[in-house]
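Data file: upload.cif. Format and content: mmCIF, C-alpha atoms.
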data_final
loop_
_atom_site.label_atom_id
_atom_site.label_comp_id
_atom_site.auth_asym_id
_atom_site.auth_seq_id
_atom_site.Cartn_x
_atom_site.Cartn_y
_atom_site.Cartn_z
CA MET A 1 -47.77 -53.54 -10.61
CA VAL A 2 -44.47 -53.17 -8.84
CA LYS A 3 -43.88 -55.21 -5.70
CA ILE A 4 -42.34 -52.87 -3.13
CA ASN A 5 -41.42 -54.31 0.28
CA GLY A 6 -43.84 -57.17 -0.34
CA GLU A 7 -46.81 -55.04 -1.42
CA ASP A 8 -48.21 -54.41 -4.88
CA VAL A 9 -47.89 -50.75 -5.72
CA ASN A 10 -49.17 -49.01 -8.84
CA ALA A 11 -45.82 -47.40 -9.64
CA ASN A 12 -45.13 -48.64 -13.19
CA GLY A 13 -43.19 -46.05 -15.15
CA MET A 14 -42.41 -44.00 -12.06
CA LYS A 15 -38.87 -42.78 -11.44
CA LEU A 16 -37.38 -44.45 -8.39
CA THR A 17 -36.41 -41.10 -6.97
CA ASP A 18 -40.01 -39.85 -7.27
CA TYR A 19 -41.43 -42.96 -5.63
CA LEU A 20 -39.00 -42.68 -2.71
CA GLN A 21 -39.89 -39.04 -2.20
CA THR A 22 -43.64 -39.67 -2.39
CA ALA A 23 -43.34 -42.56 0.07
CA GLY A 24 -41.50 -40.29 2.50
CA TYR A 25 -38.04 -41.89 2.51
CA ASP A 26 -34.91 -39.91 3.27
CA ASN A 27 -32.19 -41.10 0.87
CA LYS A 28 -29.57 -40.79 3.62
CA PHE A 29 -31.01 -43.74 5.53
CA ILE A 30 -31.86 -46.25 2.82
CA ALA A 31 -30.52 -48.98 0.58
CA VAL A 32 -32.58 -49.97 -2.46
CA GLU A 33 -32.47 -53.25 -4.33
CA ILE A 34 -34.46 -53.97 -7.47
CA ASN A 35 -34.72 -57.61 -8.49
CA GLU A 36 -31.94 -58.42 -5.99
CA GLU A 37 -29.55 -55.85 -7.45
CA ILE A 38 -28.34 -52.87 -5.43
CA ILE A 39 -29.13 -49.51 -6.98
CA SER A 40 -26.44 -46.94 -6.26
CA LYS A 41 -27.74 -43.59 -5.10
CA SER A 42 -26.36 -41.91 -8.20
CA ARG A 43 -28.78 -44.03 -10.26
CA TYR A 44 -32.00 -43.28 -8.33
CA ALA A 45 -32.93 -40.43 -10.68
CA GLU A 46 -32.47 -42.45 -13.86
CA THR A 47 -34.07 -45.69 -12.65
CA ILE A 48 -37.62 -46.26 -13.90
CA LEU A 49 -39.81 -48.79 -12.06
CA LYS A 50 -41.24 -51.42 -14.39
CA ASP A 51 -44.18 -53.79 -14.22
CA GLY A 52 -43.11 -56.93 -12.32
CA ASP A 53 -40.10 -55.35 -10.61
CA VAL A 54 -39.47 -56.55 -7.07
CA VAL A 55 -38.19 -53.64 -5.00
CA GLU A 56 -36.80 -53.71 -1.48
CA VAL A 57 -36.31 -50.39 0.24
CA VAL A 58 -34.37 -50.98 3.45
CA ASN A 59 -34.90 -48.02 5.76
CA PHE A 60 -32.30 -48.04 8.51
CA VAL A 61 -33.24 -46.76 11.96
CA GLY A 62 -30.78 -45.80 14.70
CA GLY A 63 -29.62 -47.98 17.56
CA GLY A 64 -26.97 -50.60 18.07
CA MET B 1 -4.28 -72.36 33.40
CA ILE B 2 -5.08 -71.50 29.79
CA PRO B 3 -5.64 -74.54 27.57
CA SER B 4 -3.35 -75.16 24.61
CA LYS B 5 -4.42 -74.44 21.06
CA GLN B 6 -4.84 -78.17 20.43
CA GLU B 7 -7.04 -78.59 23.50
CA MET B 8 -9.22 -75.66 22.47
CA LEU B 9 -9.57 -77.01 18.93
CA LYS B 10 -10.55 -80.42 20.24
CA ALA B 11 -13.22 -78.86 22.47
CA PHE B 12 -14.58 -76.83 19.53
CA GLU B 13 -14.68 -79.91 17.30
CA GLU B 14 -16.51 -81.90 19.96
CA ARG B 15 -19.18 -79.20 20.14
CA HIS B 16 -19.58 -78.22 16.49
CA GLY B 17 -18.24 -81.21 14.58
CA LYS B 18 -14.93 -81.29 12.72
CA GLU B 19 -16.23 -80.25 9.34
CA ILE B 20 -18.08 -77.13 10.53
CA GLN B 21 -15.24 -76.17 12.86
CA GLN B 22 -12.78 -76.21 9.96
CA LYS B 23 -15.08 -73.86 8.07
CA PHE B 24 -15.32 -71.53 11.09
CA LEU B 25 -11.53 -71.61 11.48
CA SER B 26 -10.86 -70.69 7.88
CA SER B 27 -13.26 -67.72 7.87
CA THR B 28 -12.59 -64.01 8.31
CA VAL B 29 -15.42 -61.82 9.60
CA ALA B 30 -15.35 -58.02 9.91
CA VAL B 31 -17.37 -56.37 12.68
CA CYS B 32 -18.03 -52.69 11.93
CA GLY B 33 -18.85 -50.87 15.16
CA LEU B 34 -18.08 -52.36 18.58
CA GLY B 35 -21.05 -51.11 20.58
CA GLY B 36 -24.10 -53.02 21.77
CA LEU B 37 -24.32 -55.06 18.59
CA GLY B 38 -20.66 -55.36 17.61
CA SER B 39 -19.20 -56.24 21.01
CA ASN B 40 -21.80 -58.97 21.50
CA ILE B 41 -21.41 -60.27 17.94
CA SER B 42 -17.63 -60.42 18.44
CA VAL B 43 -17.95 -62.40 21.67
CA SER B 44 -20.27 -64.93 20.01
CA LEU B 45 -18.01 -65.34 16.99
CA ALA B 46 -14.84 -65.63 19.08
CA ARG B 47 -16.54 -68.26 21.24
CA ALA B 48 -17.55 -70.18 18.12
CA GLY B 49 -13.93 -70.35 16.98
CA ILE B 50 -14.00 -68.11 13.91
CA GLY B 51 -10.46 -67.97 12.51
CA LYS B 52 -10.03 -64.23 12.16
CA LEU B 53 -12.00 -61.21 13.36
CA ILE B 54 -11.46 -57.70 11.98
CA LEU B 55 -12.73 -55.30 14.67
CA ILE B 56 -13.38 -51.67 13.78
CA ASP B 57 -14.48 -48.74 15.97
CA PHE B 58 -13.22 -45.20 16.61
CA ASP B 59 -14.77 -44.73 20.04
CA LYS B 60 -13.79 -45.13 23.69
CA VAL B 61 -15.62 -47.09 26.38
CA ASP B 62 -18.05 -44.80 28.19
CA ILE B 63 -20.06 -45.29 31.37
CA THR B 64 -23.26 -45.19 29.28
CA ASN B 65 -22.07 -48.25 27.30
CA LEU B 66 -21.82 -50.65 30.21
CA HIS B 67 -25.51 -51.54 30.40
CA ARG B 68 -25.41 -53.39 27.07
CA GLN B 69 -21.88 -53.66 25.71
CA GLN B 70 -19.26 -56.27 26.51
CA TYR B 71 -16.95 -54.00 28.50
CA LYS B 72 -16.14 -53.73 32.18
CA ALA B 73 -16.37 -50.72 34.50
CA SER B 74 -12.59 -50.90 34.83
CA GLN B 75 -12.28 -50.31 31.06
CA ILE B 76 -14.00 -46.92 30.92
CA GLY B 77 -11.85 -44.53 28.90
CA MET B 78 -10.06 -47.26 26.94
CA LEU B 79 -10.37 -47.48 23.17
CA LYS B 80 -13.11 -49.99 22.40
CA THR B 81 -10.75 -51.81 20.04
CA ASP B 82 -8.19 -52.25 22.86
CA ALA B 83 -10.77 -53.12 25.55
CA LEU B 84 -12.60 -55.66 23.40
CA LEU B 85 -9.35 -57.21 22.22
CA GLU B 86 -8.35 -57.67 25.86
CA ASN B 87 -11.69 -59.33 26.70
CA LEU B 88 -11.77 -61.51 23.59
CA LYS B 89 -8.23 -62.77 24.18
CA GLU B 90 -9.32 -63.99 27.59
CA ILE B 91 -12.25 -65.85 26.02
CA ALA B 92 -10.61 -67.13 22.84
CA PRO B 93 -6.83 -66.69 22.91
CA TYR B 94 -6.09 -68.45 19.62
CA THR B 95 -8.40 -66.47 17.35
CA GLU B 96 -6.56 -64.04 15.08
CA TYR B 97 -7.63 -60.46 15.75
CA GLU B 98 -7.04 -57.34 13.66
CA THR B 99 -8.19 -54.07 15.22
CA HIS B 100 -8.64 -50.68 13.59
CA CYS B 101 -9.38 -47.62 15.69
CA VAL B 102 -10.83 -45.49 12.90
CA ARG B 103 -14.13 -44.02 11.80
CA ILE B 104 -15.17 -45.98 8.72
CA SER B 105 -15.74 -43.73 5.74
CA GLU B 106 -15.92 -44.14 2.00
CA ASP B 107 -12.21 -43.25 1.88
CA ASN B 108 -10.93 -46.17 3.98
CA ILE B 109 -13.71 -48.76 3.82
CA TYR B 110 -12.27 -50.71 0.90
CA GLU B 111 -8.92 -51.32 2.61
CA LEU B 112 -10.59 -52.18 5.95
CA LEU B 113 -13.01 -54.74 4.56
CA LYS B 114 -11.24 -56.25 1.56
CA ASP B 115 -10.04 -59.38 3.41
CA ALA B 116 -13.38 -60.22 5.06
CA ASP B 117 -15.61 -63.04 3.82
CA ILE B 118 -18.57 -61.68 5.75
CA VAL B 119 -19.21 -58.11 6.94
CA CYS B 120 -21.33 -57.39 10.03
CA GLU B 121 -22.78 -53.91 10.10
CA ALA B 122 -23.08 -53.04 13.80
CA PHE B 123 -23.27 -49.24 13.87
CA ASP B 124 -25.77 -47.26 15.92
CA ASN B 125 -26.15 -44.35 13.52
CA ALA B 126 -28.78 -44.88 10.79
CA ALA B 127 -26.95 -42.89 8.10
CA ALA B 128 -23.72 -44.81 8.79
CA LYS B 129 -25.62 -48.11 8.55
CA ALA B 130 -27.01 -47.10 5.16
CA MET B 131 -23.59 -45.92 3.93
CA LEU B 132 -21.96 -49.21 4.87
CA ALA B 133 -24.75 -51.32 3.38
CA ASN B 134 -24.70 -49.44 0.09
CA PHE B 135 -20.92 -49.60 -0.13
CA VAL B 136 -20.61 -53.31 0.60
CA LEU B 137 -23.45 -54.26 -1.74
CA GLU B 138 -22.07 -52.10 -4.56
CA LYS B 139 -18.33 -52.65 -4.24
CA PHE B 140 -18.06 -56.14 -2.76
CA PRO B 141 -20.71 -58.23 -4.54
CA GLU B 142 -18.85 -61.42 -3.50
CA LYS B 143 -19.14 -60.70 0.24
CA TYR B 144 -22.03 -61.43 2.56
CA LEU B 145 -23.48 -58.49 4.49
CA VAL B 146 -25.26 -59.08 7.80
CA SER B 147 -26.80 -55.81 8.90
CA ALA B 148 -29.18 -54.68 11.66
CA SER B 149 -32.00 -52.21 11.99
CA GLY B 150 -34.51 -51.81 14.81
CA MET B 151 -33.69 -53.19 18.25
CA ALA B 152 -34.34 -50.25 20.57
CA GLY B 153 -36.95 -50.08 23.33
CA ILE B 154 -38.47 -52.70 25.58
CA GLY B 155 -40.79 -54.19 22.94
CA SER B 156 -41.19 -57.95 22.60
CA GLY B 157 -38.06 -59.93 21.87
CA ASN B 158 -40.10 -62.04 19.46
CA LEU B 159 -40.25 -59.15 17.01
CA ILE B 160 -36.50 -59.39 16.37
CA LYS B 161 -36.08 -61.40 13.18
CA THR B 162 -33.59 -62.17 10.42
CA ARG B 163 -34.67 -61.37 6.87
CA ARG B 164 -32.84 -62.25 3.70
CA ILE B 165 -33.20 -59.16 1.53
CA SER B 166 -31.27 -60.64 -1.38
CA ASP B 167 -28.78 -63.40 -2.11
CA LYS B 168 -25.98 -62.03 0.11
CA PHE B 169 -27.77 -59.38 2.18
CA TYR B 170 -29.29 -60.35 5.52
CA LEU B 171 -31.02 -57.88 7.83
CA CYS B 172 -31.71 -58.51 11.52
CA GLY B 173 -33.95 -56.58 13.90
CA ASP B 174 -37.60 -55.54 14.03
CA GLY B 175 -37.02 -53.00 11.25
CA ILE B 176 -38.76 -50.11 13.00
CA SER B 177 -37.68 -49.47 16.61
CA ASP B 178 -35.59 -46.32 16.30
CA VAL B 179 -33.44 -45.48 19.31
CA ASN B 180 -34.55 -41.85 19.05
CA LYS B 181 -38.23 -42.75 19.36
CA SER B 182 -38.35 -46.00 21.32
CA GLY B 183 -36.97 -45.06 24.69
CA GLY B 184 -33.36 -46.20 24.87
CA LEU B 185 -31.66 -49.53 24.44
CA TYR B 186 -31.96 -52.63 26.63
CA SER B 187 -29.12 -55.11 26.79
CA SER B 188 -31.29 -58.16 26.30
CA ARG B 189 -33.04 -56.84 23.16
CA VAL B 190 -29.78 -55.57 21.64
CA MET B 191 -28.18 -58.93 22.44
CA LEU B 192 -31.06 -60.73 20.72
CA CYS B 193 -30.35 -58.76 17.58
CA ALA B 194 -26.58 -59.30 17.93
CA ALA B 195 -27.23 -63.02 18.40
CA HIS B 196 -29.33 -63.06 15.22
CA GLN B 197 -26.43 -61.46 13.37
CA ALA B 198 -23.79 -63.78 14.85
CA HIS B 199 -25.95 -66.82 14.22
CA THR B 200 -26.57 -65.74 10.62
CA VAL B 201 -22.79 -65.47 10.16
CA LEU B 202 -22.29 -69.00 11.51
CA ARG B 203 -25.08 -70.37 9.32
CA ILE B 204 -23.63 -68.73 6.20
CA ILE B 205 -20.20 -70.22 6.96
CA ALA B 206 -21.83 -73.61 7.57
CA GLY B 207 -23.44 -73.34 4.11
CA LYS B 208 -26.99 -72.86 5.40
CA PHE B 209 -28.23 -69.84 3.53
CA ASP B 210 -31.96 -69.99 4.16
CA ILE B 211 -33.52 -68.23 7.11
#
Output the file's structure as structure tokens, nothing else.
Amino acid sequence: MVKINGEDVNANGMKLTDYLQTAGYDNKFIAVEINEEIISKSRYAETILKDGDVVEVVNFVGGG
Amino acid sequence: MIPSKQEMLKAFEERHGKEIQQKFLSSTVAVCGLGGLGSNISVSLARAGIGKLILIDFDKVDITNLHRQQYKASQIGMLKTDALLENLKEIAPYTEYETHCVRISEDNIYELLKDADIVCEAFDNAAAKAMLANFVLEKFPEKYLVSASGMAGIGSGNLIKTRRISDKFYLCGDGISDVNKSGGLYSSRVMLCAAHQAHTVLRIIAGKFDI
């Protein structure tokens, strides 16, 4: 299981980029950390989610 | 009659304690975007006696800003950097201010932020927020980032929270209230979020990293 934004998700072995697309995120508006490390957007395609990973996808909304 | 620097320092120390005030005084905080979040964050930090504020915005004061931003009707048309500087100097004349009237982009962001200990992301545009967050987290791993997402609408103030995403990345707001879907911005709710950000900055400087 991969913990994504606090929830267990069956995403082991999935490419980060595929997960983000399936979950409906627009890469323009997000920042992704895996195990407290920022993942640069150029690495989304090569990053594979592993069992036990803790993922935070911060989806920014407008307003300020 | 404006008090002297010594008198101001004494008043700060009486309120916050000498040790914490020295930490505030020796800190540099960058505020990126001087709208509803950034202008209110800046006022809080100047009032607290932060040593140096780096204030960045490319925009001018508009009539539609007055309902939530720390500007006056008489300042419409002024650069936000100039107008806020004027207001902050009246509140806290001995803080060091550095203003930059530019649109932050990946080309200038390093130079603008390199001297800051803590970066406040206070943009209104979601893509700009994400750009800044990614840049700071990737290029400045030693800096703290205090960002905001979700403070639009007239929803409950109690939904505005501070989360610690990772060691040096704090995120304030309700996380979901998008200005394009939540019916505008209300000064009190935006100020709550700005206050969360400013307070997080003060807590970080004071060495209190939990939320």
Could you give me, as JSON lines, every chain B residue with an atom at most 8 Å from chain A, plus its closest atom pair and distance in Å to one decimal, counting only C-alpha atoms, rows ordered by chain then number?
{"residue": "B:Gly35", "atom": "CA", "partner": "A:Gly64", "partner_atom": "CA", "distance": 6.5}
{"residue": "B:Gly36", "atom": "CA", "partner": "A:Gly64", "partner_atom": "CA", "distance": 5.3}
{"residue": "B:Leu37", "atom": "CA", "partner": "A:Gly64", "partner_atom": "CA", "distance": 5.2}
{"residue": "B:Gly38", "atom": "CA", "partner": "A:Gly64", "partner_atom": "CA", "distance": 7.9}
{"residue": "B:Ala122", "atom": "CA", "partner": "A:Gly64", "partner_atom": "CA", "distance": 6.3}
{"residue": "B:Phe123", "atom": "CA", "partner": "A:Gly64", "partner_atom": "CA", "distance": 5.8}
{"residue": "B:Asp124", "atom": "CA", "partner": "A:Gly64", "partner_atom": "CA", "distance": 4.1}
{"residue": "B:Asn125", "atom": "CA", "partner": "A:Gly62", "partner_atom": "CA", "distance": 5.0}
{"residue": "B:Ala126", "atom": "CA", "partner": "A:Gly62", "partner_atom": "CA", "distance": 4.5}
{"residue": "B:Ala127", "atom": "CA", "partner": "A:Phe29", "partner_atom": "CA", "distance": 4.9}
{"residue": "B:Lys129", "atom": "CA", "partner": "A:Phe60", "partner_atom": "CA", "distance": 6.7}
{"residue": "B:Ala130", "atom": "CA", "partner": "A:Phe29", "partner_atom": "CA", "distance": 5.2}
{"residue": "B:Met131", "atom": "CA", "partner": "A:Lys28", "partner_atom": "CA", "distance": 7.9}
{"residue": "B:Ala133", "atom": "CA", "partner": "A:Ala31", "partner_atom": "CA", "distance": 6.8}
{"residue": "B:Asn134", "atom": "CA", "partner": "A:Ala31", "partner_atom": "CA", "distance": 5.9}
{"residue": "B:Leu137", "atom": "CA", "partner": "A:Ile38", "partner_atom": "CA", "distance": 6.3}
{"residue": "B:Glu138", "atom": "CA", "partner": "A:Ile38", "partner_atom": "CA", "distance": 6.4}
{"residue": "B:Ala148", "atom": "CA", "partner": "A:Gly64", "partner_atom": "CA", "distance": 7.9}
{"residue": "B:Ser149", "atom": "CA", "partner": "A:Phe60", "partner_atom": "CA", "distance": 5.4}
{"residue": "B:Gly150", "atom": "CA", "partner": "A:Val61", "partner_atom": "CA", "distance": 5.9}
{"residue": "B:Met151", "atom": "CA", "partner": "A:Gly63", "partner_atom": "CA", "distance": 6.6}
{"residue": "B:Ala152", "atom": "CA", "partner": "A:Gly63", "partner_atom": "CA", "distance": 6.0}
{"residue": "B:Ile165", "atom": "CA", "partner": "A:Glu56", "partner_atom": "CA", "distance": 7.2}
{"residue": "B:Ser166", "atom": "CA", "partner": "A:Glu36", "partner_atom": "CA", "distance": 5.2}
{"residue": "B:Asp167", "atom": "CA", "partner": "A:Glu36", "partner_atom": "CA", "distance": 7.1}
{"residue": "B:Gly175", "atom": "CA", "partner": "A:Val61", "partner_atom": "CA", "distance": 7.3}
{"residue": "B:Ile176", "atom": "CA", "partner": "A:Val61", "partner_atom": "CA", "distance": 6.5}
{"residue": "B:Ser177", "atom": "CA", "partner": "A:Val61", "partner_atom": "CA", "distance": 7.0}
{"residue": "B:Asp178", "atom": "CA", "partner": "A:Val61", "partner_atom": "CA", "distance": 5.0}
{"residue": "B:Val179", "atom": "CA", "partner": "A:Gly63", "partner_atom": "CA", "distance": 4.9}
{"residue": "B:Asn180", "atom": "CA", "partner": "A:Gly62", "partner_atom": "CA", "distance": 7.0}
{"residue": "B:Leu185", "atom": "CA", "partner": "A:Gly63", "partner_atom": "CA", "distance": 7.3}
{"residue": "B:Val190", "atom": "CA", "partner": "A:Gly64", "partner_atom": "CA", "distance": 6.7}
>> Starting from the PyMOL selection byres ((chain B and resi 47-59) around 8), expand the selection into actual residues of this file and give them as number ranges by chain.
In response: B: 12, 21, 24-34, 42-46, 60-61, 79-81, 91-92, 95-104, 116
The PyMOL selection byres ((chain B and resi 210) around 10) on the file shown: which residues, as a PDB file with C-alpha atoms, in the coordinates of the input?
ATOM      1  CA  ARG B 163     -34.670 -61.370   6.870  1.00  0.00           C
ATOM      2  CA  ARG B 164     -32.840 -62.250   3.700  1.00  0.00           C
ATOM      3  CA  ASP B 167     -28.780 -63.400  -2.110  1.00  0.00           C
ATOM      4  CA  THR B 200     -26.570 -65.740  10.620  1.00  0.00           C
ATOM      5  CA  ARG B 203     -25.080 -70.370   9.320  1.00  0.00           C
ATOM      6  CA  ILE B 204     -23.630 -68.730   6.200  1.00  0.00           C
ATOM      7  CA  GLY B 207     -23.440 -73.340   4.110  1.00  0.00           C
ATOM      8  CA  LYS B 208     -26.990 -72.860   5.400  1.00  0.00           C
ATOM      9  CA  PHE B 209     -28.230 -69.840   3.530  1.00  0.00           C
ATOM     10  CA  ILE B 211     -33.520 -68.230   7.110  1.00  0.00           C
TER      11      ILE B 211
END
> Please, what distance in Å, to one decimal, runs between CA of Lys72 in chain B and CA of Met1 in chain B?
Replying inline: 22.1 Å
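Proximity to His16 in chain B was assessed for B:Leu112, B:Leu66, B:Ala206, B:Ala83 counting all atoms listed in the file; the smallest distance is recorded for B:Ala206.
Close to (-45.9, -47.5, -16.5), meaning no more than 10 Å away when counting all atoms listed in the file, sit the residues Met1, Val2, Asn10, Ala11, Asn12, Gly13, Met14, Lys15, Ile48, Leu49, Lys50 and Asp51 of chain A.
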> For Pro141 in chain B, which residue out of B:Val201, B:Val119, B:Ala11, B:Leu171 is the nearest one, using only C-alpha atoms?
Replying inline: B:Val119
>> I'd like the residues picked by the PyMOL selection byres ((chain A and resi 17) around 9) written out as a ChimeraX atom specification, using the chain letters and numbers from the file.
In response: /A:14-16,18-22,27,43-48
